[in-house]
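> Dropping in my_file_12.cif, which is mmCIF, C-alpha atoms and all ligand atoms:
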```
data_run
loop_
_atom_site.label_atom_id
_atom_site.label_comp_id
_atom_site.auth_asym_id
_atom_site.auth_seq_id
_atom_site.Cartn_x
_atom_site.Cartn_y
_atom_site.Cartn_z
CA MET A 61 45.54 -107.17 271.24
CA THR A 62 48.55 -106.50 273.45
CA VAL A 63 51.70 -105.03 272.01
CA ASP A 64 55.07 -105.68 273.60
CA TYR A 65 57.10 -102.52 273.39
CA VAL A 66 60.81 -103.02 273.41
CA PRO A 67 63.09 -100.64 275.26
CA LEU A 68 64.67 -97.96 273.08
CA SER A 69 68.01 -98.92 274.61
CA ASP A 70 68.01 -101.91 272.25
CA LEU A 71 68.72 -99.45 269.47
CA THR A 72 71.44 -97.31 271.01
CA VAL A 73 74.28 -97.22 268.58
CA SER A 74 78.01 -96.78 269.02
CA ARG A 75 80.12 -94.47 266.89
CA SER A 76 82.33 -97.40 265.91
CA HIS A 77 79.29 -99.27 264.55
CA ILE A 78 78.31 -96.28 262.40
CA GLU A 79 81.91 -96.05 261.21
CA ASN A 80 82.08 -99.77 260.42
CA CYS A 81 79.10 -99.24 258.10
CA ALA A 82 80.89 -96.55 256.06
CA PHE A 83 81.42 -97.92 252.56
CA SER A 84 85.23 -97.87 252.60
CA ASN A 85 85.31 -99.85 255.84
CA TRP A 86 83.47 -102.88 254.49
CA TYR A 87 84.09 -102.76 250.74
CA SER A 88 87.49 -104.45 250.94
CA LEU A 89 86.00 -107.28 253.04
CA PHE A 90 83.28 -108.07 250.51
CA LYS A 91 84.73 -106.76 247.27
CA GLN A 92 83.93 -109.86 245.24
CA TYR A 93 80.23 -109.53 246.12
CA THR A 94 79.94 -105.78 245.58
CA PRO A 95 79.49 -104.01 242.25
CA LYS A 96 82.74 -102.38 241.09
CA SER A 97 83.36 -99.12 242.91
CA LYS A 98 85.97 -96.37 243.27
CA ILE A 99 86.62 -94.89 246.68
CA LEU A 100 87.92 -91.32 246.85
CA LYS A 101 89.17 -90.79 250.38
CA PRO A 102 89.80 -88.45 252.00
CA VAL A 103 88.03 -85.82 249.95
CA PRO A 104 89.29 -82.22 250.28
CA GLN A 105 87.63 -80.05 252.90
CA SER A 106 86.70 -77.62 250.11
CA PHE A 107 84.59 -80.36 248.49
CA ILE A 108 82.61 -80.75 251.73
CA GLU A 109 82.18 -76.98 251.86
CA TYR A 110 80.98 -77.10 248.26
CA LEU A 111 78.28 -79.61 249.20
CA GLU A 112 77.26 -77.64 252.26
CA GLN A 113 77.04 -74.24 250.63
CA ASP A 114 73.66 -72.81 249.66
CA GLY A 115 72.57 -73.29 246.08
CA ILE A 116 74.23 -75.38 243.42
CA LYS A 117 77.14 -73.87 241.55
CA LEU A 118 78.38 -75.85 238.57
CA PRO A 119 81.89 -75.35 237.25
CA LYS A 120 82.19 -74.11 233.72
CA ASP A 121 84.72 -76.65 232.62
CA GLU A 122 85.51 -76.21 228.95
CA THR A 123 86.81 -79.77 228.75
CA VAL A 124 83.45 -81.26 229.74
CA ARG A 125 80.83 -81.30 227.03
CA SER A 126 78.10 -80.54 229.44
CA PHE A 127 74.39 -80.17 229.00
CA TYR A 128 74.30 -78.20 232.23
CA THR A 129 76.90 -75.54 231.61
CA SER A 130 76.52 -74.94 227.91
CA GLY A 131 75.90 -71.25 227.39
CA ILE A 132 72.42 -69.85 227.78
CA ALA A 133 72.00 -66.68 225.79
CA ALA A 134 69.63 -64.12 227.20
CA ASN A 135 66.73 -63.42 224.87
CA GLU A 136 63.19 -62.03 225.01
CA ASP A 137 61.80 -65.33 226.32
CA ASN A 138 64.13 -65.70 229.26
CA GLU A 139 64.89 -62.13 230.11
CA TYR A 140 65.41 -61.33 233.77
CA SER A 141 66.02 -57.87 235.12
CA ASP A 142 69.18 -59.03 236.88
CA TRP A 143 70.35 -61.42 234.16
CA GLU A 144 73.56 -59.53 233.54
CA ASP A 145 74.61 -59.73 237.17
CA ASP A 146 73.57 -63.31 237.76
CA GLU A 147 75.19 -64.70 234.70
CA ALA A 148 78.35 -62.66 234.86
CA GLU A 149 81.36 -64.85 235.19
CA ASN A 150 84.14 -64.17 237.61
CA SER A 151 87.73 -65.14 237.08
CA SER A 152 87.00 -68.67 238.25
CA GLY A 153 84.72 -69.29 235.28
CA VAL A 154 81.76 -70.26 237.46
CA ARG A 155 78.43 -68.80 236.54
CA GLY A 156 76.94 -66.27 238.92
CA VAL A 157 79.38 -67.10 241.68
CA GLN A 158 80.35 -64.72 244.41
CA LEU A 159 83.97 -64.95 245.32
CA ASP A 160 83.44 -66.71 248.60
CA HIS A 161 81.66 -69.60 246.91
CA VAL A 162 83.56 -72.82 246.49
CA ASP A 163 84.45 -73.53 242.88
CA PRO A 164 85.46 -77.08 241.86
CA LEU A 165 87.93 -75.86 239.24
CA ARG A 166 89.65 -73.50 241.61
CA ASP A 167 89.27 -75.26 244.97
CA PHE A 168 89.45 -78.99 244.27
CA PRO A 169 90.73 -79.35 240.68
CA ASP A 170 92.41 -82.71 241.37
CA LEU A 171 89.22 -84.31 242.62
CA HIS A 172 87.26 -82.72 239.77
CA ASN A 173 89.67 -84.17 237.22
CA GLU A 174 89.69 -87.55 238.91
CA LEU A 175 85.90 -87.73 238.75
CA LYS A 176 86.03 -86.98 235.03
CA SER A 177 88.68 -89.58 234.40
CA ILE A 178 86.78 -92.27 236.36
CA ILE A 179 83.69 -91.64 234.23
CA ASN A 180 85.88 -91.80 231.13
CA ASP A 181 87.32 -95.13 232.27
CA ILE A 182 84.32 -97.00 233.62
CA GLY A 183 81.37 -95.21 232.05
CA PRO A 184 78.20 -94.17 233.91
CA VAL A 185 78.44 -94.15 237.71
CA THR A 186 76.24 -93.55 240.71
CA PRO A 187 77.65 -91.59 243.65
CA LYS A 188 77.36 -91.86 247.41
CA LEU A 189 79.16 -90.53 250.46
CA ASN A 190 80.24 -92.67 253.45
CA TRP A 191 76.73 -93.99 254.12
CA SER A 192 74.11 -92.47 251.86
CA ALA A 193 73.24 -92.22 248.21
CA PRO A 194 71.29 -89.18 246.92
CA LYS A 195 68.16 -91.21 246.18
CA ASP A 196 65.95 -88.28 247.13
CA ALA A 197 67.48 -85.99 244.48
CA THR A 198 66.88 -87.94 241.26
CA TRP A 199 64.30 -85.32 240.27
CA ILE A 200 67.18 -82.99 239.43
CA LEU A 201 68.46 -85.12 236.55
CA PRO A 202 66.61 -85.48 233.26
CA ASN A 203 66.62 -89.30 233.45
CA ASN A 204 65.18 -89.22 237.00
CA THR A 205 67.70 -91.80 238.24
CA MET A 206 71.07 -91.63 240.02
CA LYS A 207 72.89 -92.49 236.80
CA CYS A 208 75.64 -89.94 236.11
CA ILE A 209 77.30 -89.71 232.76
CA GLU A 210 79.18 -86.49 233.45
CA VAL A 211 80.79 -84.87 236.44
CA ASN A 212 78.19 -82.11 236.73
CA GLU A 213 75.48 -84.69 237.31
CA ILE A 214 77.41 -85.96 240.32
CA TYR A 215 77.57 -82.42 241.70
CA LEU A 216 73.87 -81.81 241.06
CA LEU A 217 72.73 -85.01 242.77
CA LEU A 218 74.95 -84.60 245.81
CA ASN A 219 74.10 -80.94 246.26
CA ALA A 220 70.35 -81.45 245.99
CA SER A 221 70.12 -84.35 248.43
CA ASN A 222 68.99 -84.22 252.03
CA TYR A 223 70.37 -87.71 252.57
CA ILE A 224 73.83 -86.41 251.70
CA MET A 225 73.34 -83.55 254.16
CA HIS A 226 72.48 -86.15 256.76
CA ASP A 227 75.87 -87.83 256.22
CA LEU A 228 77.58 -84.47 256.48
CA GLN A 229 75.83 -83.10 259.52
CA HIS A 230 73.97 -85.80 261.43
CA ALA A 231 75.90 -89.03 260.98
CA PHE A 232 76.44 -89.60 264.69
CA ASP A 233 73.22 -88.07 266.06
CA GLU A 234 72.02 -91.38 267.46
CA CYS A 235 75.25 -92.08 269.31
CA GLY A 236 75.73 -91.25 272.97
CA GLN A 237 76.53 -87.61 273.78
CA GLN A 238 80.23 -88.22 274.33
CA GLU A 239 80.57 -90.00 270.95
CA GLN A 240 78.93 -87.33 268.80
CA GLY A 241 81.79 -84.84 268.54
CA GLY A 242 84.26 -84.70 265.68
CA ARG A 243 83.46 -85.11 262.04
CA PRO A 244 84.33 -88.33 260.23
CA GLN A 245 86.80 -88.57 257.39
CA TYR A 246 84.54 -88.09 254.40
CA GLU A 247 84.69 -90.30 251.32
CA LEU A 248 83.10 -90.09 247.92
CA ILE A 249 82.17 -93.39 246.31
CA LEU A 250 81.53 -93.84 242.60
CA ARG A 251 79.82 -97.14 241.84
CA GLU A 252 79.74 -98.42 238.30
CA TRP A 253 76.16 -98.05 237.13
CA PHE A 254 74.16 -101.11 236.22
CA ASN A 255 70.45 -101.61 235.71
CA ILE A 256 69.03 -103.02 238.91
CA ASN A 257 65.65 -104.72 238.94
CA PRO A 258 64.22 -103.20 242.14
CA ALA A 259 62.02 -106.25 242.74
CA MET A 260 65.11 -108.29 243.55
CA GLU A 261 66.47 -105.98 246.24
CA PHE A 262 66.06 -107.05 249.87
CA ARG A 263 66.88 -105.55 253.26
CA VAL A 264 68.14 -108.09 255.78
CA PHE A 265 68.05 -107.39 259.54
CA VAL A 266 70.71 -109.29 261.48
CA LYS A 267 70.76 -109.15 265.27
CA ASP A 268 73.43 -110.97 267.26
CA GLN A 269 74.51 -112.76 264.08
CA ARG A 270 71.03 -114.13 263.37
CA ILE A 271 68.61 -112.96 260.73
CA ILE A 272 65.47 -111.61 262.41
CA GLY A 273 63.64 -110.47 259.28
CA VAL A 274 63.98 -109.72 255.60
CA THR A 275 61.90 -107.22 253.68
CA GLN A 276 61.43 -106.43 250.05
CA ARG A 277 63.28 -103.16 249.47
CA ASP A 278 61.07 -101.67 246.79
CA ILE A 279 57.57 -100.95 248.02
CA ASN A 280 55.67 -102.21 244.96
CA TYR A 281 53.81 -105.45 244.44
CA TYR A 282 55.49 -108.04 242.20
CA ASP A 283 53.36 -111.11 241.63
CA TYR A 284 56.28 -113.47 241.00
CA LEU A 285 58.16 -112.87 244.25
CA ASP A 286 56.06 -115.01 246.57
CA ALA A 287 56.84 -118.23 244.71
CA LEU A 288 60.55 -117.42 244.94
CA SER A 289 60.61 -116.71 248.68
CA GLU A 290 62.34 -119.93 249.72
CA THR A 291 64.98 -119.54 247.02
CA PHE A 292 65.76 -116.03 248.25
CA LYS A 293 65.87 -117.14 251.88
CA ASP A 294 68.28 -119.99 251.17
CA LEU A 295 70.62 -117.66 249.30
CA ILE A 296 70.40 -114.95 251.96
CA ASP A 297 71.00 -117.45 254.80
CA GLU A 298 74.10 -118.78 253.13
CA PHE A 299 75.39 -115.31 252.32
CA VAL A 300 74.91 -113.96 255.85
CA ASP A 301 76.31 -117.05 257.61
CA GLU A 302 79.21 -117.82 255.34
CA VAL A 303 80.24 -114.47 253.95
CA VAL A 304 79.16 -111.56 256.13
CA THR A 305 79.07 -112.56 259.80
CA PRO A 306 82.55 -114.15 259.81
CA LYS A 307 84.09 -110.88 258.62
CA PHE A 308 81.93 -107.92 259.64
CA PRO A 309 83.10 -106.58 263.01
CA ASP A 310 79.63 -106.03 264.56
CA SER A 311 77.13 -108.76 265.36
CA SER A 312 74.06 -106.66 264.48
CA PHE A 313 73.65 -104.82 261.18
CA VAL A 314 71.27 -104.33 258.27
CA LEU A 315 72.26 -105.51 254.79
CA ASP A 316 70.93 -104.44 251.42
CA VAL A 317 71.35 -107.24 248.93
CA TYR A 318 70.49 -107.78 245.30
CA ILE A 319 69.67 -111.21 243.90
CA PRO A 320 69.26 -111.14 240.13
CA ARG A 321 68.22 -114.04 237.96
CA PRO A 322 69.21 -116.84 237.67
CA PHE A 323 69.34 -116.59 241.49
CA GLN A 324 72.80 -117.98 242.00
CA LYS A 325 74.67 -115.07 243.47
CA VAL A 326 73.93 -112.50 246.14
CA TYR A 327 75.35 -109.00 245.60
CA LEU A 328 76.01 -106.76 248.55
CA ILE A 329 74.75 -103.22 247.88
CA ASP A 330 75.12 -101.66 251.32
CA ILE A 331 75.59 -102.28 255.03
CA ASN A 332 73.48 -100.02 257.24
CA PRO A 333 73.69 -99.45 260.98
CA PHE A 334 71.38 -101.46 263.19
CA ALA A 335 69.83 -98.18 264.32
CA ARG A 336 66.57 -96.28 264.18
CA LYS A 337 67.70 -94.15 261.29
CA THR A 338 67.78 -97.23 259.08
CA ASP A 339 64.39 -97.54 257.43
CA THR A 340 62.65 -100.80 258.35
CA LEU A 341 60.42 -100.64 255.25
CA LEU A 342 57.69 -103.31 255.62
CA PHE A 343 58.49 -103.90 259.31
CA SER A 344 58.62 -101.58 262.28
CA TRP A 345 61.59 -101.50 264.63
CA ASN A 346 59.32 -102.53 267.44
CA GLU A 347 58.21 -105.59 265.56
CA LEU A 348 61.73 -106.57 264.62
CA LEU A 349 63.09 -106.17 268.12
CA THR A 350 60.20 -108.08 269.65
CA VAL A 351 60.81 -110.94 267.24
CA GLY A 352 64.55 -110.63 267.77
CA GLY A 353 64.09 -110.87 271.54
CA SER A 354 62.28 -114.21 271.26
CA LEU A 355 64.46 -115.50 268.48
CA SER A 356 65.80 -118.48 270.38
CA ASN A 357 62.25 -119.89 270.44
CA ILE A 358 61.46 -119.40 266.81
CA GLN A 359 62.63 -121.54 263.97
CA ASP A 360 62.47 -119.16 261.13
CA TYR A 361 62.33 -115.49 260.24
CA GLU A 362 59.86 -113.83 257.91
CA LEU A 363 60.71 -112.61 254.44
CA ARG A 364 58.04 -109.95 254.10
CA LEU A 365 56.71 -109.02 250.69
CA VAL A 366 54.20 -106.42 249.60
CA LYS A 367 50.87 -108.18 249.13
CA GLU A 368 48.66 -107.45 246.16
CA ASN A 369 46.02 -105.58 248.18
CA ASN A 370 48.59 -103.82 250.34
CA THR A 371 50.42 -101.60 247.91
CA ALA A 372 48.77 -98.34 248.90
CA ARG A 373 49.53 -98.91 252.57
CA PHE A 374 53.26 -98.84 251.95
CA ALA A 375 53.33 -96.40 249.07
CA SER A 376 54.62 -93.51 251.15
CA LYS A 377 56.44 -95.55 253.78
CA GLU A 378 59.88 -95.64 252.23
CA HIS A 379 62.26 -93.26 254.00
CA SER A 380 59.32 -92.03 256.03
CA GLU A 381 61.66 -90.99 258.81
CA ASN A 382 63.00 -88.36 256.45
CA HIS A 383 59.73 -86.60 255.88
CA VAL A 384 57.80 -87.30 259.05
CA PRO A 385 58.60 -85.03 261.98
CA LYS A 386 61.01 -86.76 264.34
CA ASP A 387 58.52 -86.43 267.25
CA ILE A 388 56.17 -88.74 265.44
CA VAL A 389 58.84 -91.30 264.63
CA ASP A 390 60.03 -91.21 268.24
CA ALA A 391 56.50 -91.61 269.48
CA SER A 392 55.94 -94.69 267.38
CA LEU A 393 58.27 -96.57 269.72
CA ASP A 394 56.90 -95.29 273.00
CA PRO A 395 53.26 -95.74 274.11
CA ASN A 396 53.37 -92.75 276.51
CA ALA A 397 54.65 -90.51 273.76
CA ILE A 398 51.87 -91.76 271.46
CA ARG A 399 49.28 -90.75 274.07
CA ASP A 400 50.89 -87.30 274.44
CA LEU A 401 50.97 -86.86 270.72
CA ALA A 402 47.32 -87.94 270.31
CA GLN A 403 46.34 -85.44 273.01
CA LYS A 404 48.22 -82.64 271.20
CA TRP A 405 46.52 -83.56 267.92
CA LYS A 406 43.09 -83.44 269.58
CA GLU A 407 43.83 -80.02 271.04
CA LEU A 408 45.08 -78.75 267.68
CA LEU A 409 42.04 -80.12 265.86
CA SER A 410 39.53 -78.63 268.22
CA GLN A 411 41.39 -75.31 268.10
CA GLN A 412 41.26 -75.44 264.30
CA GLN A 413 37.55 -76.37 264.29
CA ALA A 414 36.81 -73.46 266.60
CA GLU A 415 38.75 -71.07 264.33
CA ASP A 416 37.01 -72.46 261.20
CA SER A 417 33.54 -72.07 262.65
CA SER A 418 34.24 -68.53 263.87
CA SER A 419 35.65 -67.47 260.46
CA GLY A 420 32.66 -69.22 258.78
CA SER A 421 30.19 -67.22 260.84
CA GLU A 422 32.12 -64.02 260.06
CA GLU A 423 31.86 -64.78 256.33
CA GLU A 424 28.14 -65.48 256.64
CA ALA A 425 27.58 -62.23 258.50
N1 LIG B 1 75.96 -99.69 241.06
C1 LIG B 1 74.67 -99.33 241.03
N2 LIG B 1 74.05 -99.10 239.86
C2 LIG B 1 72.76 -98.71 239.81
N3 LIG B 1 71.98 -98.55 240.90
C3 LIG B 1 72.56 -98.77 242.10
C4 LIG B 1 73.91 -99.18 242.23
N4 LIG B 1 74.17 -99.34 243.55
C5 LIG B 1 73.05 -99.04 244.20
N5 LIG B 1 72.07 -98.69 243.35
C6 LIG B 1 70.68 -98.31 243.68
O1 LIG B 1 70.77 -97.26 244.61
C7 LIG B 1 69.95 -97.57 245.74
C8 LIG B 1 70.53 -96.90 246.95
O2 LIG B 1 71.83 -97.40 247.21
P1 LIG B 1 72.36 -97.54 248.69
O3 LIG B 1 71.63 -98.59 249.43
O4 LIG B 1 73.83 -97.69 248.65
O5 LIG B 1 72.00 -96.09 249.26
P2 LIG B 1 71.54 -95.67 250.70
O6 LIG B 1 71.54 -94.20 250.76
O7 LIG B 1 72.36 -96.39 251.71
O8 LIG B 1 70.04 -96.17 250.75
P3 LIG B 1 69.21 -96.37 252.09
O9 LIG B 1 69.19 -95.06 252.77
O10 LIG B 1 67.87 -96.82 251.58
O11 LIG B 1 69.96 -97.42 252.85
C9 LIG B 1 69.91 -99.09 245.78
O12 LIG B 1 68.74 -99.52 246.39
C10 LIG B 1 69.95 -99.45 244.32
O13 LIG B 1 68.63 -99.50 243.80
#
```
Go ahead and express the file in the form of structure tokens.
Ligand SMILES: Nc1ncnc2c1ncn2[C@@H]1O[C@H](COP(=O)(O)OP(=O)(O)OP(=O)(O)O)[C@@H](O)[C@H]1O

Amino acid sequence: MTVDYVPLSDLTVSRSHIENCAFSNWYSLFKQYTPKSKILKPVPQSFIEYLEQDGIKLPKDETVRSFYTSGIAANEDNEYSDWEDDEAENSSGVRGVQLDHVDPLRDFPDLHNELKSIINDIGPVTPKLNWSAPKDATWILPNNTMKCIEVNEIYLLLNASNYIMHDLQHAFDECGQQEQGGRPQYELILREWFNINPAMEFRVFVKDQRIIGVTQRDINYYDYLDALSETFKDLIDEFVDEVVTPKFPDSSFVLDVYIPRPFQKVYLIDINPFARKTDTLLFSWNELLTVGGSLSNIQDYELRLVKENNTARFASKEHSENHVPKDIVDASLDPNAIRDLAQKWKELLSQQQAEDSSSGSEEEA
């Protein structure tokens, strides 16, 4: 089998494209298709420092009835030698904080109060920054989702997330050298929480205003999706052609859409950059770009679903670029790099085998 590798230059990305994909830059264009959201922009610099500081420091806000900051009395079961010091409160009212730590109540009280009042007004929310949601940090909340019913849950999720750190520190890494400098204006988005059926979420790859592929977003097998494929494609085609491409400033982008029953409306969840950092889920970038290159000759794109016997193959694929070393992701697009990498692996393996056998013979001796 021959594989056509596409040049990496097909995925170079401009700073303006990344900026166009920031939530606040497209929300107003597609508001009627997007779940209700509040945009807080710009956020104070101290809030960014709060997210970037080590550890998670929750404010002890007496006006929030909070599971997280309710007092913990030291007793025999939870006694620590340094309990007194760690739990001592400073004048800011934040537990265990040294003075140089950012404290929401002291350093961004207006934003803190606004977050509380939004939750009071619209109920549970789910947060994100300009581009990313803290999907990798749900383990930190008792419900194991991104649903926040109090302000401290927002702080916990954002602070514990590597995806949020990516927005803060690496947003423009894939842009050309001269476009990387300067931080963006950060925004905090609170989306009204609703129960999404993950089976009905799709990622849509659009290149030069044409759809080149659609993938199921959740990497589980759902037996009813196959029969609905054409329905989804019709709705997605109409949405992309009539709603998104006439208004979105770039001709290539990646959409996340949600199509709940009774399959009459498409909701826009997110617009991602047409860039390597966007996870291709059931496709690879190489595959998509190869198809995209020959698009004029093909009639139709593929809506790819997880097949019944394929679940395991994709089980760990989602957001793989975030836990696989970058060298390996880079190599997956370049045959020479794959050869180099394979060679390094072989060397490492034989080195390890040699070490194992020598330590084995030492143990036997
Ligand atoms: N209003 C909402 N209520 C409940 N869940 C939501 C809401 N909006 C989004 N989600 C869930 O959060 C997930 C992540 O949202 P979103 O796509 O905005 O984040 P992201 O960081 O850009 O993700 P990715 O990195 O995969 O593109 C969605 O797939 C959806 O399941």
> Quick one: axis-aligned box around all listed atoms of ligand LIG 1 (chain B), 3 Å on every side, centre and edge lengths in Å to one decimal, written as lines of an AutoDock Vina configuration file.

```
center_x = 71.9
center_y = -96.9
center_z = 246.3
size_x = 14.1
size_y = 11.5
size_z = 19.0
```
> Report, in Å to a single decimal, how far apart CA of Ser311 (chain A) and CA of Leu100 (chain A) are.
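Between CA of Leu100 (chain A) and CA of Ser311 (chain A) the gap works out to 27.6 Å.
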> Rank nothing, just name the residue among A:Asn190, A:Asn80, A:Asn255, A:Gln245 nearest to ligand LIG 1 (chain B), using all atoms listed in the file.
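Once distances to ligand LIG 1 (chain B) are computed over all atoms listed in the file, the minimum belongs to A:Asn255.
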> Please determine, counting all atoms listed in the file, which residue among A:Pro309, A:Pro104, A:Pro164, A:Pro333 has the shortest atom-to-atom distance to ligand LIG 1 (chain B).
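Using all atoms listed in the file, ligand LIG 1 (chain B) sits closest to A:Pro333.
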> Could I get the residue neighbourhood of ligand LIG 1 (chain B) at 7 Å, counting all atoms listed in the file, as an MDAnalysis selection string?
chainID A and resid 95 185:186 188 191:195 207 223 251:256 258 261 316 329:330 332 338:339
> For a cutoff of 8 Å around the file-coordinate point (80.5, -108.2, 256.6), which residues qualify once you count all atoms listed in the file? I'd like the result as a list in words.
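Residues lying no farther than 8 Å from the given point: Trp86, Leu89, Phe90, Val303, Val304, Thr305, Pro306, Lys307, Phe308, Pro309 and Ile331 of chain A.
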> Closest to Asp278 (chain A) among A:Ser76, A:Ser312, A:Asn204, A:Thr340, using all atoms listed in the file?
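With all atoms listed in the file as the atom set, the closest residue is A:Thr340.
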> Taking into account all atoms listed in the file, which residue in the set A:Phe107, A:Tyr327, A:Phe299, A:Tyr284 is nearest to Ala259 (chain A)?
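Selected residue with least distance to Ala259 (chain A): A:Tyr284.
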> For the atom pair CA of Leu341 (chain A) and CA of Lys367 (chain A), what is the interatomic distance in Å to one decimal place?
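Interatomic distance, CA of Leu341 (chain A) to CA of Lys367 (chain A): 13.6 Å.
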> Tell me, as a ChimeraX atom specification, which residues lie within 9 Å of Thr72 (chain A), counting only C-alpha atoms; anything in the same chain fewer than 4 positions away does not count.
/A:68,234-236,334-336
> Interatomic distance between CA of Ser344 (chain A) and CA of Glu79 (chain A)?
24.0 Å
> Using all atoms listed in the file, can you tell me which of A:Ile249, A:Leu363, A:Ile279, A:Met225 comes closest to Lys101 (chain A)?
A:Ile249
> Select, from A:Ala197, A:Met260, A:Leu175, A:Val314, the residue with the minimum atom-to-atom distance to Ala220 (chain A), counting all atoms listed in the file.
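Of A:Ala197, A:Met260, A:Leu175, A:Val314, the one nearest Ala220 (chain A) is A:Ala197, counting all atoms listed in the file.
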> For a cut-off of 9 Å around (72.3, -83.7, 241.0), file coordinates, pick out all residues using all atoms listed in the file and list them as a PDB file with C-alpha atoms, keeping the file's coordinate frame.

```
ATOM      1  CA  ILE A 116      74.230 -75.380 243.420  1.00  0.00           C
ATOM      2  CA  PRO A 194      71.290 -89.180 246.920  1.00  0.00           C
ATOM      3  CA  ALA A 197      67.480 -85.990 244.480  1.00  0.00           C
ATOM      4  CA  THR A 198      66.880 -87.940 241.260  1.00  0.00           C
ATOM      5  CA  TRP A 199      64.300 -85.320 240.270  1.00  0.00           C
ATOM      6  CA  ILE A 200      67.180 -82.990 239.430  1.00  0.00           C
ATOM      7  CA  LEU A 201      68.460 -85.120 236.550  1.00  0.00           C
ATOM      8  CA  MET A 206      71.070 -91.630 240.020  1.00  0.00           C
ATOM      9  CA  CYS A 208      75.640 -89.940 236.110  1.00  0.00           C
ATOM     10  CA  ASN A 212      78.190 -82.110 236.730  1.00  0.00           C
ATOM     11  CA  GLU A 213      75.480 -84.690 237.310  1.00  0.00           C
ATOM     12  CA  ILE A 214      77.410 -85.960 240.320  1.00  0.00           C
ATOM     13  CA  TYR A 215      77.570 -82.420 241.700  1.00  0.00           C
ATOM     14  CA  LEU A 216      73.870 -81.810 241.060  1.00  0.00           C
ATOM     15  CA  LEU A 217      72.730 -85.010 242.770  1.00  0.00           C
ATOM     16  CA  LEU A 218      74.950 -84.600 245.810  1.00  0.00           C
ATOM     17  CA  ASN A 219      74.100 -80.940 246.260  1.00  0.00           C
ATOM     18  CA  ALA A 220      70.350 -81.450 245.990  1.00  0.00           C
ATOM     19  CA  SER A 221      70.120 -84.350 248.430  1.00  0.00           C
TER      20      SER A 221
END
```
